[in-house]
Amino acid sequence: MRFLFKTDYEDDIKLFPHSGYLYSYGLLIAVLLVAPYVLSSYLMSQLVFVCIYATVGVGLLILTGFTGQASLGHAAFLAIGAYTAAYLQQFNVPFPVYFLAAGLLTGIVGALVGFPALRLQGIYLVIATISFALIVEEIMARWESVTHGNEGMRVKTMQLLGTTVPRDGPTFYYLCLAVLVLTIVGTLNLLRSPTGRAFVAIRDSETAARSMGINVALYKVKSFAISAAITGFAGVLFAHKLSFISPEMFTLQLSIEFIIVILIGGTFSLHGAVLGAIFLVMIDPFLTYLKDDMPGIIAGVAATLGAGKERAGHIQDAVAAFASANGLKGAIYGVIIVLFVLFEPLGLYGRWLKIKLFFQLFPLYKRATFKRQKIYVKSERNR
Amino acid sequence: MSYFRAENLSLHFGGLKAVDSVSFAVEKSEILSIIGPNGAGKSSIFNLISRIYPPTSGKIFFEDQDITQQPSYDIAKLGIARTFQNIELFENASVLANLLVGRHRHSTTQLWQELLFLPSVRAGEKAHRRRVEQVIEFLDLEPYRDKLISGLPYGVRKVIELARALCSEPKLILLDEPSSGLNVEETDDMSFWIRDLRSDLGITVLMVEHDMTLVNRVSDRVIALNYGRVLAMGSPSEVQQHPDVVAAYLGA
Amino acid sequence: MLDFVQQLVSGIALGCVYGLIALGFVLVYKATEVVNFAQGDLMMLGGFFAFTFIGMMGLNYWLGFAGAVICMALFGMVAERVVVRPILGYPQFSIIMATIGLGYFLRSVAGMIWGTDDLKIETPFSQGVLRIGSLVLAYDKLSVIAATVILCALLYLFFNRTTLGTAMRASSENMLAAYYMGIPVKRVVSIVWAISAAVATAAGVLLAPITFIHSNVGLVLGLKAFPAAVLGGFGSIPGAVVGGVLIGVIESMAGFYLPQGWKDVAPYIVLLTVLLLKPEGLFGLHVRKKV
């Protein structure tokens, strides 16, 4: 175990509590920087999606995790960012300009959504954000002069500083990675400043926050605006990555996926948003792998366990038929969500902390350290 | 003029008169206690002052300024801090974070500066931290600095709430039942601290309290309430011997 | 004018279906403060069960109806036992996610079992119409309205007149206190899930003649029923039905009188407006935290 002796207030402010952090994050960044030269183009493409989803996850975490305002409408913010980029691109607006414009516009829309949301709590806020997202989706489909309706819009290849940045090249990946890292650093800065503490205060007790001089309405709107703006930035990258956008890409399903990102990652930490994004994006290739290779593997196992050649063949066919059944992905998805909520409420990051503690305390680790107390429902209606 | 003044303050919930034209004044550097049976409207008066409820009628003055219409978050900025009867801490944050929230009214940095964590923000953070450490030392909270609130015992939380209020460097502090749920020793500590608030920090104290020992020990004056009305006002012993007060408590 | 009444009736009928699903939301919420996002999918599953009994096995309509309701009541109990009970008392957010996961699962499995085609159930009301002057009202729509009124009355009486109903309300206010008062909270919660699944099934079967049954019908209608419940003030039984009817009528009117596209968003615009003016819904109680 490592004991930290703090000798300066600076020790509580700095981002890396001790040098170990610096080394491990430096190593991580180095690995990510050489990734394009090692990984296959398919995995690189998935890695870009991880960056985009993680950026949205961090944005959502600010609103939901730290300010305590649930949102099931973040797909709409992503859509606004993506469409702003696609629209401005038609007039040969350079990338940096429409990138910032998309973030700004989404931030303003976020603030506008924040105002009516001020008086709403819990499920009322959830349904209000769902309503907002559905209305935005309909506007995208109907406002044909700007969005081309259901036909969708093509997004041209990115031009940055006079060079072309193809959506599957390493430069685009570095750009997405840079946006993610900047978002994370900005968020960490916010969290160690008065604004971030005000967010957390609002989450835990609005009454007490008010009595400490926090303008709750203002900070909620700020939180909505920041969260939306980050999502808008991600939307621009999303549009470029897909090179084509249409309204049916930004449905409630996508908003739910974003919630899954922070839920599976762990709703209390920025690590969680990144881990959740990795999980969500990588589940697709994993399921494809299951579909392609699992039948053969299971049949092989069956054969070695003494099943006859014919039986093994039958098993392989049966498993293959099951694996290619329509909607299996949805079912697995559902089961994973339920299992996470039931057995790992702290998410992937919580699991990571447990493993870390296990090795730090070895052999003294006790399972009960993280055991949750039995809780009884008390009405939340009186809040 | 008085330092703090409530004039004909009323709060009605439908037909129920929780506070019924109550007037009182607090002098600078005074410790004034409000006593009364349960449901007498003591906490409601605090909630009116910190604008959790808007008063049905009446006015509140602080330093000769009418604060009846100020939004609730401005009350803290004027220098009025409070604690809560049932503890309203930020449960899932560390003690340090809770206390730093108390510094909120003194923070001057803008959002964009915080996103970049400019040197001005860093300097501000250190200055806040220094003040917080003074409060931690004043209230002996050193062992709990980095602990999460949700794991702390009730008595400690009560002190942390006081600490958070002190971090905002208030001129007037409202203490809502500071000794409820504390044991005898903790109550003793609390009474010393309340007296120190005035003598060391020059803070005016307005407090709601049931424990008459604590009230007698610290208060300069006492107000007794029942059914939202003032029964008696004066020194602790005067109020306790007042026939209406005796009747209200003994139900005679 | 005739058009208007025609639209009004079909709006009310559609709204009653929304209302019935919303009732399921409200029942579970009233008893456990859990928002069950899989409510629409329970309805979908109920519809499929009824289809299996009536359409595939050729049972009598009423017998199939009853069979589906019983099966789904049991299914509701199982779902509660497996997914909800282990996390009862956790933050709202976790439970919402668990039920969203359950919904995903049910939708996919139903799609795997019954396929992705639209299915139709023949009912005794499928054909006939009621003529009042030149007004033509289809029996299937009237039957939905009648069934909603009856179910609502029954549930209202159940919650306000029976000991079990009172126990449910008590356990929703404060579960621990309810335990101490000797209320078997776990059994109560389980029964509530059974009832809400049964109500959802009734909605699904009644709906079958109006909309077809397919694996996504629950999601689509659930997204309409949820606003209905919120509009009515989540937690109020009459509120859920009134909210449902309002949403149904708005949708049907918007579809008829407004340009294309308004039909789908009009209910949400109305909902947002109501929430702006009255954040606790039309029939919700405004309670503030005591400090």
# chains A, B, ... in the order shown; residues from 1 in each chain; ligands from 1

$ select_by_dssp --residues "stretch 64-264 of chain C" --states "strand (DSSP E or B)" --output "list in words"
Leu119, Val129, Leu130, Arg131, Ile132, Leu135, Val136, Leu137, Ala138, Asn174 and Ile213 of chain C

$ write_last_selection --atoms "N, CA and C atoms" --output "short mmCIF file (atom, residue, chain, number, x, y, z; two decimals), in the first residue's frame"
data_model
loop_
_atom_site.label_atom_id
_atom_site.label_comp_id
_atom_site.auth_asym_id
_atom_site.auth_seq_id
_atom_site.Cartn_x
_atom_site.Cartn_y
_atom_site.Cartn_z
N LEU C 119 -49.96 -9.57 -36.28
CA LEU C 119 -50.93 -10.62 -36.04
C LEU C 119 -52.26 -9.99 -35.66
N VAL C 129 -71.28 -2.74 -36.02
CA VAL C 129 -71.23 -1.30 -35.79
C VAL C 129 -72.54 -0.86 -35.16
N LEU C 130 -72.44 0.23 -34.41
CA LEU C 130 -73.62 0.81 -33.79
C LEU C 130 -73.97 2.05 -34.59
N ARG C 131 -75.24 2.10 -35.08
CA ARG C 131 -75.63 3.28 -35.85
C ARG C 131 -76.57 4.15 -35.03
N ILE C 132 -76.20 5.41 -34.85
CA ILE C 132 -77.09 6.37 -34.22
C ILE C 132 -77.29 7.47 -35.24
N LEU C 135 -74.45 8.57 -37.54
CA LEU C 135 -73.19 8.31 -36.83
C LEU C 135 -72.91 6.82 -36.80
N VAL C 136 -71.72 6.42 -37.21
CA VAL C 136 -71.37 5.00 -37.22
C VAL C 136 -70.26 4.75 -36.21
N LEU C 137 -70.53 3.94 -35.20
CA LEU C 137 -69.52 3.66 -34.19
C LEU C 137 -69.23 2.16 -34.19
N ALA C 138 -67.95 1.81 -34.30
CA ALA C 138 -67.60 0.39 -34.36
C ALA C 138 -67.65 -0.21 -32.96
N ASN C 174 -44.08 4.09 2.98
CA ASN C 174 -42.90 3.80 3.77
C ASN C 174 -42.79 2.30 3.99
N ILE C 213 -51.06 -6.84 -33.40
CA ILE C 213 -50.06 -7.18 -32.40
C ILE C 213 -48.75 -7.49 -33.11
#

$ interface_residues --of "chain C" --to "chain A" --cutoff "8 Å" --atoms "only C-alpha atoms" --output "VMD selection string"
chain C and resid 32 to 33 35 83 86 to 90 94 to 95 97 to 109 111 to 112 172 to 176 226 to 227 230 261 265 268 to 269 271 to 272 275 to 276 279 to 280 287 to 290

$ write_last_selection --atoms "C-alpha atoms" --output "short mmCIF file (atom, residue, chain, number, x, y, z; two decimals), in the first residue's frame"
data_model
loop_
_atom_site.label_atom_id
_atom_site.label_comp_id
_atom_site.auth_asym_id
_atom_site.auth_seq_id
_atom_site.Cartn_x
_atom_site.Cartn_y
_atom_site.Cartn_z
CA THR C 32 -43.49 0.38 -4.96
CA GLU C 33 -42.43 3.75 -6.44
CA VAL C 35 -41.44 3.08 -12.82
CA VAL C 83 -35.69 -8.46 -11.83
CA PRO C 86 -33.36 -7.86 -5.56
CA ILE C 87 -32.98 -4.14 -6.17
CA LEU C 88 -36.07 -2.82 -4.46
CA GLY C 89 -35.08 0.34 -2.64
CA TYR C 90 -32.17 1.19 -4.90
CA SER C 94 -31.26 1.70 -11.43
CA ILE C 95 -34.73 0.23 -11.37
CA MET C 97 -32.69 0.70 -16.26
CA ALA C 98 -33.51 -2.82 -15.09
CA THR C 99 -37.02 -2.57 -16.50
CA ILE C 100 -35.67 -1.10 -19.74
CA GLY C 101 -33.42 -4.15 -19.95
CA LEU C 102 -36.39 -6.41 -19.25
CA GLY C 103 -38.26 -4.66 -22.07
CA TYR C 104 -35.41 -5.25 -24.52
CA PHE C 105 -35.36 -8.89 -23.58
CA LEU C 106 -39.11 -9.43 -23.88
CA ARG C 107 -39.27 -7.69 -27.26
CA SER C 108 -36.47 -9.75 -28.73
CA VAL C 109 -37.72 -13.04 -27.33
CA GLY C 111 -39.87 -11.56 -31.94
CA MET C 112 -37.97 -14.85 -31.92
CA SER C 172 -45.60 2.66 -1.02
CA GLU C 173 -45.46 5.45 1.55
CA ASN C 174 -42.90 3.80 3.77
CA MET C 175 -41.85 0.23 3.24
CA LEU C 176 -40.04 -0.19 6.54
CA PHE C 226 -46.06 6.91 -20.24
CA PRO C 227 -46.88 10.55 -21.03
CA VAL C 230 -47.37 11.63 -16.25
CA GLY C 261 -46.43 14.93 -38.81
CA VAL C 265 -45.71 15.11 -31.71
CA TYR C 268 -45.77 15.53 -26.41
CA ILE C 269 -46.15 19.25 -27.05
CA LEU C 271 -47.49 17.24 -22.24
CA LEU C 272 -44.55 19.65 -22.12
CA LEU C 275 -45.62 20.16 -17.16
CA LEU C 276 -44.47 23.74 -17.56
CA PRO C 279 -44.96 20.29 -12.84
CA GLU C 280 -46.78 17.59 -10.89
CA VAL C 287 -45.75 17.95 -1.75
CA ARG C 288 -42.60 19.66 -0.67
CA LYS C 289 -39.85 18.30 1.41
CA LYS C 290 -39.89 19.34 5.02
#

$ residues_around --residues "stretch 180-187 of chain C" --least-positions-apart "5" --cutoff "10 Å" --atoms "only C-alpha atoms" --output "ChimeraX atom specification"
/C:31-32,77,80-81,85,88,164,167-168,170-172,175,192-193

$ closest_atom_pairs --of "chain B" --to "chain A" --cutoff "6 Å" --atoms "only C-alpha atoms" --output "tab-separated table"
residue	atom	partner	partner_atom	distance
B:Tyr73	CA	A:Gly213	CA	4.1
B:Asp74	CA	A:Gly213	CA	6.0
B:Ala76	CA	A:Gly213	CA	4.7
B:Lys77	CA	A:Gly213	CA	5.8
B:Glu88	CA	A:Ala208	CA	5.8
B:Phe90	CA	A:Asp204	CA	4.8
B:Gly102	CA	A:Met212	CA	5.7
B:Arg105	CA	A:Gly213	CA	5.6
B:Glu114	CA	A:Leu190	CA	5.6
B:Leu115	CA	A:Gly186	CA	4.9
B:Phe117	CA	A:Asn189	CA	5.7

$ write_last_selection --atoms "C-alpha atoms" --output "compact mmCIF listing (two decimals), in the first residue's frame"
# COMPACT_ATOMS: atom_id res chain seq x y z
CA TYR B 73 -29.75 32.12 -2.75
CA ASP B 74 -29.17 35.83 -2.11
CA ALA B 76 -26.57 33.54 2.00
CA LYS B 77 -24.76 36.18 -0.03
CA GLU B 88 -29.17 18.58 4.96
CA PHE B 90 -24.39 16.63 0.56
CA GLY B 102 -19.97 26.74 2.07
CA ARG B 105 -20.72 32.88 -1.92
CA GLU B 114 -12.77 27.04 -14.37
CA LEU B 115 -12.85 24.87 -17.51
CA PHE B 117 -8.35 25.92 -14.43

$ residues_around --residues "C:Ile210" --least-positions-apart "6" --cutoff "10 Å" --atoms "only C-alpha atoms" --output "PDB file with N, CA and C atoms, in the first residue's frame"
ATOM      1  N   SER C  10     -63.098   7.621 -31.721  1.00  0.00           N
ATOM      2  CA  SER C  10     -61.931   6.756 -31.949  1.00  0.00           C
ATOM      3  C   SER C  10     -60.749   7.246 -31.118  1.00  0.00           C
ATOM      4  N   ALA C  13     -61.343   5.865 -27.686  1.00  0.00           N
ATOM      5  CA  ALA C  13     -61.072   4.430 -27.639  1.00  0.00           C
ATOM      6  C   ALA C  13     -59.565   4.170 -27.589  1.00  0.00           C
ATOM      7  N   LEU C  14     -58.833   4.859 -28.457  1.00  0.00           N
ATOM      8  CA  LEU C  14     -57.381   4.709 -28.453  1.00  0.00           C
ATOM      9  C   LEU C  14     -56.831   5.158 -27.101  1.00  0.00           C
ATOM     10  N   VAL C  17     -57.008   2.665 -24.361  1.00  0.00           N
ATOM     11  CA  VAL C  17     -55.914   1.687 -24.374  1.00  0.00           C
ATOM     12  C   VAL C  17     -54.671   2.290 -23.730  1.00  0.00           C
ATOM     13  N   LYS C 120     -53.322 -10.703 -35.947  1.00  0.00           N
ATOM     14  CA  LYS C 120     -54.643 -10.167 -35.650  1.00  0.00           C
ATOM     15  C   LYS C 120     -55.444 -11.198 -34.871  1.00  0.00           C
ATOM     16  N   ILE C 121     -56.224 -10.742 -33.890  1.00  0.00           N
ATOM     17  CA  ILE C 121     -57.089 -11.648 -33.137  1.00  0.00           C
ATOM     18  C   ILE C 121     -58.526 -11.369 -33.527  1.00  0.00           C
ATOM     19  N   SER C 126     -65.361  -7.613 -33.569  1.00  0.00           N
ATOM     20  CA  SER C 126     -64.592  -7.150 -34.718  1.00  0.00           C
ATOM     21  C   SER C 126     -65.484  -6.571 -35.809  1.00  0.00           C
ATOM     22  N   ASP C 140     -65.851  -2.574 -31.726  1.00  0.00           N
ATOM     23  CA  ASP C 140     -64.556  -2.836 -31.097  1.00  0.00           C
ATOM     24  C   ASP C 140     -64.075  -1.624 -30.304  1.00  0.00           C
ATOM     25  N   LYS C 141     -64.395  -0.432 -30.845  1.00  0.00           N
ATOM     26  CA  LYS C 141     -63.975   0.758 -30.111  1.00  0.00           C
ATOM     27  C   LYS C 141     -64.819   0.952 -28.856  1.00  0.00           C
ATOM     28  N   VAL C 144     -63.729  -1.282 -26.018  1.00  0.00           N
ATOM     29  CA  VAL C 144     -62.544  -0.824 -25.288  1.00  0.00           C
ATOM     30  C   VAL C 144     -62.941   0.190 -24.228  1.00  0.00           C
TER      31      VAL C 144
END

$ select_by_dssp --residues "stretch 41-167 of chain C" --states "alpha helix (DSSP H)" --output "PyMOL selection string"
chain C and resi 41-50+61-79+92-114+139-161+163-167

$ write_last_selection --atoms "C-alpha atoms" --output "CSV table (one decimal), in the first residue's frame"
chain,number,residue,atom,x,y,z
C,41,ASP,CA,-44.0,-5.0,-23.4
C,42,LEU,CA,-46.0,-6.8,-20.8
C,43,MET,CA,-49.0,-5.7,-22.9
C,44,MET,CA,-47.4,-6.9,-26.0
C,45,LEU,CA,-46.7,-10.3,-24.4
C,46,GLY,CA,-50.3,-10.5,-23.2
C,47,GLY,CA,-51.5,-9.9,-26.7
C,48,PHE,CA,-49.3,-12.7,-28.0
C,49,PHE,CA,-50.5,-15.1,-25.4
C,50,ALA,CA,-54.1,-14.3,-26.3
C,61,TYR,CA,-62.5,-15.8,-27.2
C,62,TRP,CA,-63.4,-15.3,-23.5
C,63,LEU,CA,-61.6,-18.5,-22.5
C,64,GLY,CA,-58.5,-17.4,-24.3
C,65,PHE,CA,-58.8,-13.9,-22.8
C,66,ALA,CA,-59.0,-15.3,-19.3
C,67,GLY,CA,-56.1,-17.7,-20.0
C,68,ALA,CA,-53.9,-14.9,-21.2
C,69,VAL,CA,-54.7,-12.8,-18.2
C,70,ILE,CA,-53.9,-15.6,-15.8
C,71,CYS,CA,-50.7,-16.5,-17.6
C,72,MET,CA,-49.5,-12.9,-17.6
C,73,ALA,CA,-50.4,-12.3,-14.0
C,74,LEU,CA,-48.1,-15.2,-13.2
C,75,PHE,CA,-45.5,-13.9,-15.5
C,76,GLY,CA,-45.7,-10.5,-13.8
C,77,MET,CA,-45.0,-12.1,-10.5
C,78,VAL,CA,-42.0,-14.0,-11.9
C,79,ALA,CA,-40.6,-10.8,-13.5
C,92,GLN,CA,-35.1,5.0,-9.1
C,93,PHE,CA,-32.6,5.2,-11.9
C,94,SER,CA,-31.3,1.7,-11.4
C,95,ILE,CA,-34.7,0.2,-11.4
C,96,ILE,CA,-35.7,2.1,-14.5
C,97,MET,CA,-32.7,0.7,-16.3
C,98,ALA,CA,-33.5,-2.8,-15.1
C,99,THR,CA,-37.0,-2.6,-16.5
C,100,ILE,CA,-35.7,-1.1,-19.7
C,101,GLY,CA,-33.4,-4.2,-20.0
C,102,LEU,CA,-36.4,-6.4,-19.3
C,103,GLY,CA,-38.3,-4.7,-22.1
C,104,TYR,CA,-35.4,-5.3,-24.5
C,105,PHE,CA,-35.4,-8.9,-23.6
C,106,LEU,CA,-39.1,-9.4,-23.9
C,107,ARG,CA,-39.3,-7.7,-27.3
C,108,SER,CA,-36.5,-9.8,-28.7
C,109,VAL,CA,-37.7,-13.0,-27.3
C,110,ALA,CA,-41.3,-12.4,-28.5
C,111,GLY,CA,-39.9,-11.6,-31.9
C,112,MET,CA,-38.0,-14.9,-31.9
C,113,ILE,CA,-41.0,-16.9,-30.9
C,114,TRP,CA,-43.9,-15.3,-32.7
C,139,TYR,CA,-68.2,-2.1,-31.6
C,140,ASP,CA,-64.6,-2.8,-31.1
C,141,LYS,CA,-64.0,0.8,-30.1
C,142,LEU,CA,-67.0,0.9,-27.8
C,143,SER,CA,-65.9,-2.3,-26.2
C,144,VAL,CA,-62.5,-0.8,-25.3
C,145,ILE,CA,-64.2,2.2,-23.7
C,146,ALA,CA,-66.6,0.0,-21.7
C,147,ALA,CA,-63.9,-2.3,-20.5
C,148,THR,CA,-61.8,0.6,-19.4
C,149,VAL,CA,-64.6,2.1,-17.3
C,150,ILE,CA,-65.3,-1.2,-15.6
C,151,LEU,CA,-61.6,-2.0,-14.9
C,152,CYS,CA,-61.1,1.5,-13.5
C,153,ALA,CA,-64.0,1.3,-11.2
C,154,LEU,CA,-62.9,-2.1,-9.9
C,155,LEU,CA,-59.3,-0.9,-9.3
C,156,TYR,CA,-60.5,2.2,-7.6
C,157,LEU,CA,-62.7,0.2,-5.2
C,158,PHE,CA,-59.9,-2.3,-4.7
C,159,PHE,CA,-57.4,0.4,-3.6
C,160,ASN,CA,-59.7,2.4,-1.5
C,161,ARG,CA,-62.1,-0.2,0.0
C,163,THR,CA,-57.4,-4.2,3.2
C,164,LEU,CA,-55.0,-5.3,0.6
C,165,GLY,CA,-55.4,-2.1,-1.3
C,166,THR,CA,-54.7,-0.1,1.9
C,167,ALA,CA,-51.7,-2.3,2.6

$ atom_distance --atom1 "atom CA of A:Leu275" --atom2 "atom CA of A:Leu348"
6.7 Å

$ residues_around --residues "B:Ala248" --least-positions-apart "5" --cutoff "12 Å" --atoms "only C-alpha atoms" --output "list of chain:residue names"
B:Ile35, B:Gly36, B:Pro37, B:Asn38, B:Gly39, B:Ala40, B:Ala224, B:Leu225, B:Asn226, B:Tyr227, B:Arg229, B:Val230, B:Leu231, B:Ala232, B:Val239, B:Gln240, B:Gln241, B:His242, B:Pro243

$ residues_around --residues "B:Lys158" --least-positions-apart "3" --cutoff "10 Å" --atoms "only C-alpha atoms" --output "PDB file with C-alpha atoms, in the first residue's frame"
ATOM      1  CA  THR B  83     -28.243  24.744   9.646  1.00  0.00           C
ATOM      2  CA  PHE B  84     -31.149  22.341   9.407  1.00  0.00           C
ATOM      3  CA  GLN B  85     -33.116  20.441  12.009  1.00  0.00           C
ATOM      4  CA  ASN B  86     -32.755  17.100  10.207  1.00  0.00           C
ATOM      5  CA  ILE B  87     -29.343  17.696   8.635  1.00  0.00           C
ATOM      6  CA  GLU B  88     -29.167  18.580   4.961  1.00  0.00           C
ATOM      7  CA  LEU B  89     -25.620  17.674   3.974  1.00  0.00           C
ATOM      8  CA  PRO B 153     -22.243   9.294  12.676  1.00  0.00           C
ATOM      9  CA  TYR B 154     -25.048  11.712  13.425  1.00  0.00           C
ATOM     10  CA  GLY B 155     -23.190  13.794  16.013  1.00  0.00           C
ATOM     11  CA  GLU B 161     -23.345  21.314   9.187  1.00  0.00           C
ATOM     12  CA  LEU B 162     -22.309  24.030  11.591  1.00  0.00           C
ATOM     13  CA  ALA B 163     -18.879  24.063   9.957  1.00  0.00           C
ATOM     14  CA  GLU B 177     -32.021  22.663  16.965  1.00  0.00           C
ATOM     15  CA  PRO B 178     -28.221  22.374  17.176  1.00  0.00           C
ATOM     16  CA  SER B 179     -28.352  19.822  19.994  1.00  0.00           C
ATOM     17  CA  SER B 180     -31.083  17.478  18.746  1.00  0.00           C
ATOM     18  CA  GLY B 181     -29.791  13.926  18.613  1.00  0.00           C
ATOM     19  CA  LEU B 182     -26.543  14.774  20.407  1.00  0.00           C
ATOM     20  CA  GLU B 186     -21.598  16.586  22.370  1.00  0.00           C
ATOM     21  CA  MET B 190     -21.925  22.572  21.080  1.00  0.00           C
TER      22      MET B 190
END

$ atom_distance --atom1 "atom CA of B:Ser219" --atom2 "atom CA of B:Pro236"
7.1 Å

$ residues_around --residues "C:Leu221" --least-positions-apart "3" --cutoff "8 Å" --atoms "only C-alpha atoms" --output "ChimeraX atom specification"
/C:18,40,217-218,224-225

$ atom_distance --atom1 "atom CA of C:Cys16" --atom2 "atom CA of C:Leu2"
21.0 Å

$ closest_residue --among "B:Val246, B:Val218, B:Leu100, B:Ile45" --to "B:Asp20" --atoms "only C-alpha atoms"
B:Ile45
